[in-house]
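S.K.: Below you will find the structure I want to go over with you.
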Amino acid sequence: MASLFFSFVLSASFLQMPPANNPNLPINFYPDWTQGIVVLESNDTVACVLRYNQLVPEGLLQVLDGENVLTLSVRDVKCFFFYDSAKHRYRKFFTLRVPLQGSVQREMFLEYIYGNENVSILSHKTMGLAHSYMEYTPFKQPIPLNRQYLLDCKTGKVLPISEENALSLLEKKQMVSAYIEANDIRFRKLSDYVKVFEYDKSL
């Protein structure tokens with residue numbers, strides 16, 4: 001999966017995609033139908049009319065087959081792309097295993113935000129409760145959730161975004177650490193991570 005992910009990251013120029021997306025935009029629960037490309041688990045590539053709903057925790061992808069609406073889950077799809085006319089940009093999603101608690105993992109559609117040869121930043125948006133131990137009640141309703149992850153492109157491992165995990169993925173850690181200190185980078189914003197990865201890549 002990591003090699004497939006990396007090959008499509010390199011195809012960003014073909015899609016005329018900007019280098020980084022903004023994951024802090026609101027969740028689109030009832031998106032319009034749009035032209036897109038779906039790569040199935042069988043490796044078949046299909047150009048089709050699709051829509052993506054982030055209300056479902058792992059993501060829900062629907063495609064038009066004539067007059068029929070087909071619903072595809074994360075088990076059916078490796079990745080898909082479409083142009084979001086509301087946000088005026090291409091969006092790319094990949095099926096990857098996400099760590100939840102301990103050794104538990106779950107396959108989800110993750111959106112590509114930024115990437116280079118070594119690491120990518122991914123985003124997962126949905127509706128849910130802030131903490132996994134909570135239960136739905138009239139007083140605890142689902143809220144928009146936006147979580148970011150780091151993908152080690154060499155191993156395919158997905159990690160929660162954090163300063164510690166970001167530093168573990170650097171190739172020139174000592175030189176980059178000096179850059180982080182000199183520029184007072186706190187790893188509080190997504191742009192902080194992008195700056196660090198871009199500097200590491202430039203060395």
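Note on naming: chains are A, B, ... as they come in the structure tokens, residues start from 1 per chain, ligands start from 1 in the order shown.
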Out of range 53-188 of chain A, which residues get helix (DSSP H, G or I) from DSSP, as an mmCIF file with N, CA and C atoms, in the first residue's frame?
M.R.:
data_model
loop_
_atom_site.group_PDB
_atom_site.id
_atom_site.type_symbol
_atom_site.label_atom_id
_atom_site.label_comp_id
_atom_site.auth_asym_id
_atom_site.auth_seq_id
_atom_site.Cartn_x
_atom_site.Cartn_y
_atom_site.Cartn_z
ATOM 1 N N GLU A 163 5.123 16.014 17.717
ATOM 2 C CA GLU A 163 6.515 16.427 17.567
ATOM 3 C C GLU A 163 7.438 15.215 17.632
ATOM 4 N N GLU A 164 7.182 14.323 18.579
ATOM 5 C CA GLU A 164 8.033 13.142 18.745
ATOM 6 C C GLU A 164 8.040 12.273 17.483
ATOM 7 N N ASN A 165 6.859 12.026 16.927
ATOM 8 C CA ASN A 165 6.785 11.189 15.732
ATOM 9 C C ASN A 165 7.394 11.891 14.526
ATOM 10 N N ALA A 166 7.218 13.217 14.440
ATOM 11 C CA ALA A 166 7.813 13.965 13.332
ATOM 12 C C ALA A 166 9.336 13.881 13.377
ATOM 13 N N LEU A 167 9.920 14.051 14.552
ATOM 14 C CA LEU A 167 11.374 13.991 14.686
ATOM 15 C C LEU A 167 11.905 12.603 14.350
ATOM 16 N N SER A 168 11.125 11.570 14.641
ATOM 17 C CA SER A 168 11.576 10.204 14.360
ATOM 18 C C SER A 168 11.648 9.905 12.864
ATOM 19 N N LYS A 173 18.408 14.580 11.450
ATOM 20 C CA LYS A 173 17.790 15.016 12.701
ATOM 21 C C LYS A 173 18.609 16.086 13.422
ATOM 22 N N GLN A 174 19.928 15.925 13.481
ATOM 23 C CA GLN A 174 20.756 16.873 14.228
ATOM 24 C C GLN A 174 20.711 18.260 13.605
ATOM 25 N N MET A 175 20.836 18.330 12.287
ATOM 26 C CA MET A 175 20.806 19.622 11.609
ATOM 27 C C MET A 175 19.421 20.252 11.687
ATOM 28 N N VAL A 176 18.391 19.441 11.564
ATOM 29 C CA VAL A 176 17.031 19.961 11.610
ATOM 30 C C VAL A 176 16.678 20.426 13.025
ATOM 31 N N SER A 177 17.195 19.743 14.032
ATOM 32 C CA SER A 177 16.939 20.144 15.415
ATOM 33 C C SER A 177 17.472 21.547 15.669
ATOM 34 N N ALA A 178 18.642 21.849 15.106
ATOM 35 C CA ALA A 178 19.198 23.199 15.246
ATOM 36 C C ALA A 178 18.308 24.216 14.545
ATOM 37 N N TYR A 179 17.773 23.845 13.391
ATOM 38 C CA TYR A 179 16.863 24.725 12.637
ATOM 39 C C TYR A 179 15.577 24.968 13.436
ATOM 40 N N ILE A 180 15.065 23.942 14.073
ATOM 41 C CA ILE A 180 13.851 24.063 14.873
ATOM 42 C C ILE A 180 14.065 25.026 16.041
ATOM 43 N N GLU A 181 15.194 24.878 16.705
ATOM 44 C CA GLU A 181 15.488 25.738 17.844
ATOM 45 C C GLU A 181 15.714 27.181 17.401
ATOM 46 N N ALA A 182 16.450 27.366 16.297
ATOM 47 C CA ALA A 182 16.759 28.722 15.819
ATOM 48 C C ALA A 182 15.501 29.457 15.378
#
S.K.: Applying 9 Å and only C-alpha atoms, which residues near Tyr83 in chain A remain after dropping the ones on its own chain fewer than 5 positions away? List them as a list in words.
M.R.: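 Here the qualifying residues turn out to be Thr34, Gln35, Gly36, His88, Arg89, Tyr90, Arg91 and Lys92 of chain A.
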S.K.: Store the residues picked out above, limited to all heavy atoms, as a CSV table (one decimal), in the first residue's frame.
M.R.:
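Writing the result to selection-v1.csv gives the following:
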chain,number,residue,atom,x,y,z
A,34,THR,N,-19.6,14.5,-8.5
A,34,THR,CA,-18.6,15.1,-9.3
A,34,THR,C,-17.8,14.1,-10.0
A,34,THR,O,-17.8,12.9,-9.6
A,34,THR,CB,-17.6,15.9,-8.4
A,34,THR,OG1,-16.6,16.6,-9.1
A,34,THR,CG2,-16.9,15.0,-7.4
A,35,GLN,N,-17.1,14.4,-11.1
A,35,GLN,CA,-16.2,13.5,-11.8
A,35,GLN,C,-15.0,13.2,-11.0
A,35,GLN,O,-14.4,14.0,-10.3
A,35,GLN,CB,-15.8,14.1,-13.1
A,35,GLN,CG,-16.9,14.2,-14.2
A,35,GLN,CD,-17.3,12.9,-14.8
A,35,GLN,OE1,-16.5,11.9,-14.7
A,35,GLN,NE2,-18.5,12.8,-15.3
A,36,GLY,N,-14.6,11.9,-11.0
A,36,GLY,CA,-13.4,11.5,-10.2
A,36,GLY,C,-12.8,10.2,-10.8
A,36,GLY,O,-13.3,9.7,-11.8
A,88,HIS,N,-12.2,24.5,-4.8
A,88,HIS,CA,-11.4,24.9,-5.9
A,88,HIS,C,-10.0,24.1,-5.9
A,88,HIS,O,-9.0,24.8,-6.1
A,88,HIS,CB,-11.1,26.4,-6.0
A,88,HIS,CG,-12.4,27.2,-6.0
A,88,HIS,ND1,-13.3,27.2,-7.1
A,88,HIS,CD2,-13.0,28.0,-5.1
A,88,HIS,CE1,-14.3,27.9,-6.8
A,88,HIS,NE2,-14.2,28.4,-5.6
A,89,ARG,N,-10.0,22.9,-5.7
A,89,ARG,CA,-8.8,22.1,-5.6
A,89,ARG,C,-9.1,20.6,-5.8
A,89,ARG,O,-10.2,20.2,-5.6
A,89,ARG,CB,-8.0,22.3,-4.3
A,89,ARG,CG,-8.8,21.9,-3.1
A,89,ARG,CD,-7.9,22.1,-1.8
A,89,ARG,NE,-8.6,21.9,-0.6
A,89,ARG,CZ,-8.8,20.7,0.0
A,89,ARG,NH1,-8.4,19.6,-0.6
A,89,ARG,NH2,-9.5,20.6,1.1
A,90,TYR,N,-8.1,19.9,-6.2
A,90,TYR,CA,-8.2,18.4,-6.3
A,90,TYR,C,-8.0,17.8,-4.9
A,90,TYR,O,-7.2,18.4,-4.1
A,90,TYR,CB,-7.2,17.8,-7.2
A,90,TYR,CG,-7.5,17.9,-8.7
A,90,TYR,CD1,-7.0,19.0,-9.4
A,90,TYR,CD2,-8.4,17.0,-9.2
A,90,TYR,CE1,-7.4,19.1,-10.8
A,90,TYR,CE2,-8.8,17.1,-10.6
A,90,TYR,CZ,-8.3,18.2,-11.3
A,90,TYR,OH,-8.6,18.3,-12.6
A,91,ARG,N,-8.7,16.8,-4.6
A,91,ARG,CA,-8.6,16.1,-3.3
A,91,ARG,C,-8.2,14.6,-3.5
A,91,ARG,O,-8.8,14.0,-4.4
A,91,ARG,CB,-9.8,16.2,-2.5
A,91,ARG,CG,-10.2,17.7,-2.2
A,91,ARG,CD,-11.5,17.9,-1.4
A,91,ARG,NE,-11.4,17.3,-0.1
A,91,ARG,CZ,-12.4,17.3,0.8
A,91,ARG,NH1,-13.6,17.7,0.4
A,91,ARG,NH2,-12.2,16.8,2.0
A,92,LYS,N,-7.3,14.1,-2.7
A,92,LYS,CA,-6.9,12.7,-2.9
A,92,LYS,C,-7.1,11.9,-1.6
A,92,LYS,O,-6.6,12.4,-0.5
A,92,LYS,CB,-5.4,12.7,-3.3
A,92,LYS,CG,-5.1,13.4,-4.6
A,92,LYS,CD,-3.6,13.6,-4.8
A,92,LYS,CE,-2.8,12.4,-4.8
A,92,LYS,NZ,-1.4,12.6,-5.1
S.K.: Could you pull the residues within 8 Å of Pro99 in chain A, counting only C-alpha atoms, minus those fewer than 5 positions along the same chain, as a PyMOL selection string?
M.R.: chain A and resi 104-106+158-160
S.K.: Which polymer residues have any atom within 9 Å of an atom of Phe93 in chain A, counting only C-alpha atoms, with same-chain residues fewer than 3 positions away left out, as a ChimeraX atom specification?
M.R.: /A:78-81,109-112,122
